[in-house]
Amino acid sequence: MGKQKEYELAGITVSGAKYLDHDLLIAVTNLTVGQKLHLPNDESIAKAIKALWKQELFSNVDITITRYLDDKVFINIGVEERPRLSRFNFRNIKPGEAKELKGKLTLVSNKVVTDATKKEAIVRIKKFYTDKGFGRVQVSVLERNDSASVNKVILTFIIDKGSKTHINQVNIVGEQNTTEARLKRTLKSTKEMTRITLHPEAEQNVYAVPKRSFKKYIGEFGFLSPSKTLDALDPYFRFKLFASSKFNQKKYEDDKQSLIAYYNTLGYRDASIVSDTIYPVMNGNINVDIRVKEGHKYYFGDITWKGNTKYSSEFLSKTLAIKKGDVYNQEMLEKRMGRQLSPDGGGEDVSSLYMDDGYLFFNIEPNEISVKDDTINFEMRITEGSQATIRDISIAGNERTNEHVIRRQLYTYPGNKFSRSDLIRSQREIATLGFFDQEKIGILPKPHPEDGTVDIDYTVIEKSSDQLQLSAGFGGGVNFYGNVGITFNNFSIRNIFRPKFWDPLPVGDGQKFSISYASNGAYYNSLSSSFTEPWLGGHKPNALTANIVYSKYSAAAIGTDPNLSFLRMAGGGSFYG
């Protein structure tokens, strides 16, 4: 290495930059005219090159010395600019797929195009189609200059989806205390394809398993067992009409967890999948092979309680309903503790005992204090906390429905003790209105431990609940007959003269208004209308319904004057209940 010598940077030039500002590039390098450089290996030069690469704007960067003048030096920054994205498109796929796929990619117009950019896009495209069952999808990318724009390219992704990848066979080995058929049922989304043949293909399995033996099937009286019979017929007949056999990697990973969860319910808490593999077979589909290890079977031992003051240990043990000697089942333990909301509001688990009586801050933690042979002893550690009182209730998302319509359905009131079952019952009552998406009714308790209160936030997403009925026909000598009817399930009679509440008729008070008309011309006409107020007075669900009916029926012969003989009826009524 030559001796370092100090020079003054006297000039900086830029070459190769056709579309970027030269002064901006020099500023990025932090090199300035007049600064001192120790050449031939000044650290500032190396940092300048790194700073330019970091911009991800160039495919090549080089800083060279153009000339020396006494103790001064002149340098040139040489760059090769990368093109930017003008637009991108797809080949060999449907317009609907292209529209959906564009939302999955992170490609943005005017962004620099790099090999990494194209590679990431290809990975996302492949994942998109793999999730749809196309396991053999192939993607290539074509890059061409955009003649209408400067230094911009158009990317075209050429997609060959291939045929959908189906699961030919699922092989599970290593099971000793359950059957392969039962384990396959735990795989909700990884299902085998239907098979009907007189000439089955040779079985393939990467793991060593005993071959099927018809003699063994007969010798063990397998014909007396439906599961063994179906297994014996499997190479020839497998009926899976309502089950999709498309392979999906994400769902497969979830299914493996379900398989282990099933083993846990049988007491095998150490069960694991030792290995698994997916490979193509001769018919163009795939096999899925899974090797499991069951481990030991465990049982519940002694269960003791710590921290409980409101209920006795004996009462809590009775509620838990797990006895010493029961097969260990993690799912059942979680359910009996009530660590998740029960669909029916609880009441049969430990948490519901407390949380239905205001103990919002209640917590229960199961601790394994010892494991002796195959028996697990637990200590249930309870934190009861104090009872919580409901302070405030808020409702959001009801843009068409007035808030009082929702509030009158609630079983949670400010000043009352918190109750988890009341929350779930309130959710159920809101759903019965029919004005909101049942799957998106949200309940969020916001506790305030400092003063022992809780706020409850309800959120809803409205949906259309109105009904339109149309019918028409021909025949019967009158040529035409028809019926039209409409029902507004969230009507508001008090907003009739307030146009801003019309959508298209006045809405928001949960009342029901319907009107229908039926006719076959001049010989028959009928008009009916009804109105229901479900909460007359606003304090109790006392419903008042009023209706009117008008009809005119002609008894005259078809083709004659319908007014020669006719019957006209008009009426109405009301009902309170």
# chains A, B, ... in the order shown; residues from 1 in each chain; ligands from 1
>>> residues_around(residues="region 548-550 of chain A", least_positions_apart="5", cutoff="10 Å", atoms="only C-alpha atoms", output="ChimeraX atom specification")
/A:515-517,525-531,568-574
>>> closest_atom_pairs(of="region 353-420 of chain A", to="region 314-336 of chain A", cutoff="10 Å", atoms="only C-alpha atoms", output="JSON lines")
{"residue": "A:Leu353", "atom": "CA", "partner": "A:Thr319", "partner_atom": "CA", "distance": 8.8}
{"residue": "A:Pro366", "atom": "CA", "partner": "A:Leu333", "partner_atom": "CA", "distance": 9.0}
{"residue": "A:Asp374", "atom": "CA", "partner": "A:Tyr328", "partner_atom": "CA", "distance": 9.6}
{"residue": "A:Thr375", "atom": "CA", "partner": "A:Gly325", "partner_atom": "CA", "distance": 7.9}
{"residue": "A:Ile376", "atom": "CA", "partner": "A:Tyr328", "partner_atom": "CA", "distance": 8.1}
{"residue": "A:Asn377", "atom": "CA", "partner": "A:Lys324", "partner_atom": "CA", "distance": 8.9}
{"residue": "A:Met380", "atom": "CA", "partner": "A:Leu316", "partner_atom": "CA", "distance": 9.9}
>>> closest_residue(among="A:Ile369, A:Ala472, A:Ile456, A:Ala148", to="Val484 (chain A)", atoms="only C-alpha atoms")
A:Ala472
>>> atom_distance(atom1="CA of Gly103 (chain A)", atom2="CA of Phe88 (chain A)")
12.3 Å
>>> residues_around(residues="Ala271 (chain A)", least_positions_apart="5", cutoff="8 Å", atoms="only C-alpha atoms", output="ChimeraX atom specification")
/A:260,263-264,292-295
